[in-house]
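Undergrad: Structure in structure tokens, see below.
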Amino acid sequence: MNAEQQRLDEAAENGVPWKKWGPYLSERQWGTVREDYSEDGNAWDYFSHDQARSRAYRWGEDGLAGICDDRQRLCFALALWNGRDPILKERLFGLTNREGNHGEDVKEYYFYLDSTPTHSYLKYLYKYPQAAYPYDDLVAINGGRGRHEHEYELLDTGVFNEDRYFDVLVEYAKESPEDILIKIGVHNRGPEEAEIHVLPTLWFRNRWAWGDDNPRPAIKAGGGRLADTALHAAEVKLGDRYLYCAGDPALLFTENETNTERIFGKPSGSPFVKDGIGRCVVQGEPGAVNPQHTGTKAAAHYRLSVPPGKSKTISLRLTSVAPEALKASYNGGPFGKHFEGVMQARRDEADAFYSTVVPSSLDADAANVMRQALAGMMWSKQFYYFDVNRWLEERGSDPFCPARKPAPRNGHWHHLYNADVISMPDKWEYPWYAAWDLAFHVLPLSLIDPAFAKQQLDLMLRENYMHPNGQIPAYEWNFGDVNPPVHAWATIFTYRLEKERTGKGDIVWLERCFQKLSLNFTWWLNRKDRAGNNAFEGGFLGLDNIGVFDRSAPLPTGGHLEQADGTAWMAIFSLNMLEISIELALHNVAYGDMALKYLQHFCSIASATIHAGSDTGMWDEDDGFFYDVLQTPDGQAQRLKVRSMVGLLPLCAVTVFEGEFREKYPEIMARFHGFLEARPELTSFIHDPGQTGCAGRRLGAILDETKLRRVLSRMLDENEFLSPFGIRALSRYHAEHPYVLEAGGQSYGVGYLPGESDSGMFGGNSNWRGPIWMPVNALIIRALLQYYMYYGDDFTVECPTGSGRHLTLYQIAEEITRRLASMFLRGEDGCRPVNGGAQKFQEDPHWCDCIQFYEYFHGDNGAGLGASHQTGWTGVIARAMHLFATLTPEQALKGGKTGYFKMQGDLPAK
């Protein structure tokens with residue numbers, strides 16, 4: 001067993017706190033809902049980036065390349081100054097939703113290069129210009145551009161010309177759970193010697209301002225004979241921590257308190273406030289820091305002059321070990337040979353751990369992509385703190401006060417209390433969890449830390465997250481919005497992976513999840529099926545502006561939509577619940593009836609997807625495709641013939657079943673067959689659930705073989721959905737044939753857009769009208785493998801459509817995965833499609849192997865778009881790459897009840 005796996009086992013089995021410290025610091029706390037106490041709910045404007053250096057946060061902290069404990073009491077991060085910037089670089093800068101021509105957008109270059117799951121080793125790279133950072137230029141030029149124009153990026157400003165920048169490489173290595181070694185390497189890539197100020201900063205989250213018997217902590221200079229080079233931080237619950245600083249930096253102290261004079265025009269209670277260190281270093285105000293060397297925020301000020309092409313290194317140590325004990329243990333001090341030995345050991349151990357995860361059949365480039373994807377998943381953890389009831393009270397919207405002011409959002413979620421480390425979609429653009437994102441995060445997370453993956457799924461089902469009515473919280477901008485119900489899908493996935501890996505599934509965990517997921521399923525039935533005919537709505541359902549209308553708003557025609565995706569999501573949900581109930585029933589007969597319940601639900605919903613109780617169902621026989629159906633107040637129905645991911649999702653409602661349940665509970669199956677005999681219309685249009693396939697398996701699916709072939713012919717057509725880089729969200733057919741609907745004297749249309757959105761829906765910062773999205777591609781790949789297990793090698797289709805090349809469904813899933821992975825890999829020309837036209841990323845040896853995992857990708861050329869660090873669900877690429885590097889067609893066909901999940905690192909590589 002390698003050292004990192006041993007640490008994981010110690011954490012899971014014995015409670016050794018290897019995960020207590022990690023990269024749990026947000027990269028943007030300003031502009032979030034939690035910090036918004038405005039009257040109109042405009043979070044971006046209420047707490048801006050310009051205010052962030054001077055204004056204490058209420059609910060969390062942010063920083064550059066930072067770490068904190070798992071309750072975020074004490075934080076550590078970098079601050080930098082190049083001698084030219086108007087402010088200290090303490091956090092990442094970006095444009096707000098209103099400022100960016102495509103919505104919010106971080107304007108920095110930073111990379112998560114490595115992380116083990118216990119964060120025993122972390123590596124982060126930040127590229128810092130030597131010229132003044134162009135804050136105003138970025139805001140002004142992007143503000144002058146429209147949605148049809150490209151974004152103005154930091155590289156476009158010229159601040160990296162002639163390589164006049166620093167590579168700041170930060171490494172963390174844990175000697176023990178409470179002893180963290182830190183190395184900061186500053187590399188001058190430019191042609192001339194350049195100066196940089198490096199300020200490793202330690203501070204406490206401001207909890208004392210809350211009252212509630214939270215004593216003010218303190219950071220003071222040193223302790224013992226290391227007083228000149230150490231910070232001593234003391235807090236009642238955390239205890240004593242020491243930051244040892246190699247060399248002889250100046251120690252600067254202030255308070256993590258708001259500069260009320262600058263922010264509100266009112267005198268501050270103390271001359272020492274949050275921006276004091278920045279004012280001292282940048283504005284030359286020595287009186288802004290405390291001469292008594294005490295405070296709640298402190299920094300070690302290093303001033304380095306780095307020759308061209310050279311580097312300098314700073315070493316630090318954050319530990320609970322007091323100076324005298326540390327001196328006695330390590331031959332005189334915190335640094336030296338032992339320090340270097342531990343750093344190198346943790347690097348080697350990280351390599352050893354990932355050698356068991358990254359398949360040996362991947363070449364060096366692919367292995368680097370997969371490892372950085374997983375590193376991004378680890379770095380994107382964040383301590384998320386939000387007590388909605390208290391937040392409502394503080395803004396005068398106490399839900400139990402008759403005279404309360406209306407809350408701009410989340411007024412019905414006063415039960416929600418979150419204080420956990422959670423996997424974030426992106427710690428700058430989306431520094432808040434999103435329920436359906438999180439379900440996809442679990443796919444790659446379970447490759448390296450199954451315990452954390454299970455815990456993340458567990459969180460959303462706890463009583464302080466899930467609404468009493470059974471709804472899972474969506475995201476902080478509107479917890480009551482509706483995300484696709486993929487939690488059960490991720491739950492059975494994770495259970496089976498662990499069972500395959502260890503030989504024993506966590507049946508207690510699965511049962512606990514099932515109980516809560518049943519509540520969520522019932523919420524969907526009661527809230528999103530207004531006609532009671534199993535045709536579901538749900539609003540935007542995560543697919544934002546993919547349709548003709550804003551599906552979360554009242555329709556301009558009146559009436560409502562019966563959504564092909566909403567109904568397909570519920571068919572998938574019912575299949576997943578069926579899988580879970582069958583697994584539970586094999587251990588406990590009481591769950592046999594629940595299996596019957598979800599069998600009935602699936603058949604009813606699947607049938608409604610084809611024929612929703614009206615002459616105008618979602619399935620269009622002429623087109624061989626699924627569409628949303630517009631039901632108008634006059635009783636008329638009309639299909640909205642947009643060929644989009646909405647119509648591909650019914651393909652994903654598929655699961656293979658073995659015969660164990662049938663053999664163990666024949667009386668329950670007899671009841672099910674009686675149900676179908678009494679209602680033959682339920683299976684008239686869908687795949688016959690009684691028909692056997694390979695190895696006697698049965699298939700739960702909306703699509704029978706004929707419909708499956710028809711949908712696949714569209715999906716695999718390169719003039720429609722099949723891009724060189726995966727499956728598009730919208731058919732390319734609409735490039736020349738936009739769909740237009742006339743309603744109420746206005747025209748509503750959808751056209752193919754391979755890149756950024758030109759629509760104002762959802763702020764204009766989301767686009768499902770053509771680009772490639774990783775999570776739905778993952779659903780499609782999973783579905784194809786399920787169909788393959790049933791149909792086997794005899795079922796082939798043309799891929800691409802019209803090519804004359806016939807492939808099995810396994811080969812098609814593999815081909816889609818190859819196309820997805822190719823976005824990140826070097827092509828024959830040496831370029832990575834994900835980097836688009838950014839020549840610096842394509843050609844410079846210091847940039848070209850730093851991978852960014854974007855939110856979505858250009859439908860025609862594979863360039864990255866949207867949030868540049870959404871490793872969250874785009875990290876699914878690591879799981880897909882691992883799958884087809886280890887899973888053979890023979891293994892897939894033998895997979896049985898483990899399905900496509902049989903892909904562990906100990907399988908022989910292909």
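Letters for chains follow the order of the structure tokens (A, B, ...), residue numbers begin at 1 for each chain, and ligand numbers begin at 1 in the order shown.
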What's the 8 Å shell around Tyr133 of chain A, counting only C-alpha atoms, without same-chain residues fewer than 3 positions away, as a ChimeraX atom specification?
TA: /A:84-85,129,159
Undergrad: Neighbouring residues of Ala490 of chain A were defined as those with any atom within 9 Å, considering only C-alpha atoms; residues of the same chain fewer than 4 positions away were excluded. Please report them as a PyMOL selection string.
TA: chain A and resi 439-440+442-443+457+486+494-495+576
Undergrad: Need the shell around Leu199 of chain A: protein/DNA/RNA residues with any atom at most 7 Å away, counting only C-alpha atoms. Skip same-chain ones fewer than 5 positions apart. Format as number ranges by chain?
TA: A: 78-80, 299-302
Undergrad: Taking the DSSP assignment computed from this structure's backbone, write out as a ChimeraX atom specification all residues of segment 549-768 of chain A that belong to helix (DSSP H, G or I).
TA: /A:564-585,589-610,645-652,660-664,666-678,680-683,694-696,705-715,733-736,761-764
Undergrad: Rounded to one decimal, what separation in Å do you get between atom CA of Ala637 of chain A and atom CA of Asp550 of chain A?
TA: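 Computed distance, atom CA of Ala637 of chain A to atom CA of Asp550 of chain A, equals 18.4 Å.
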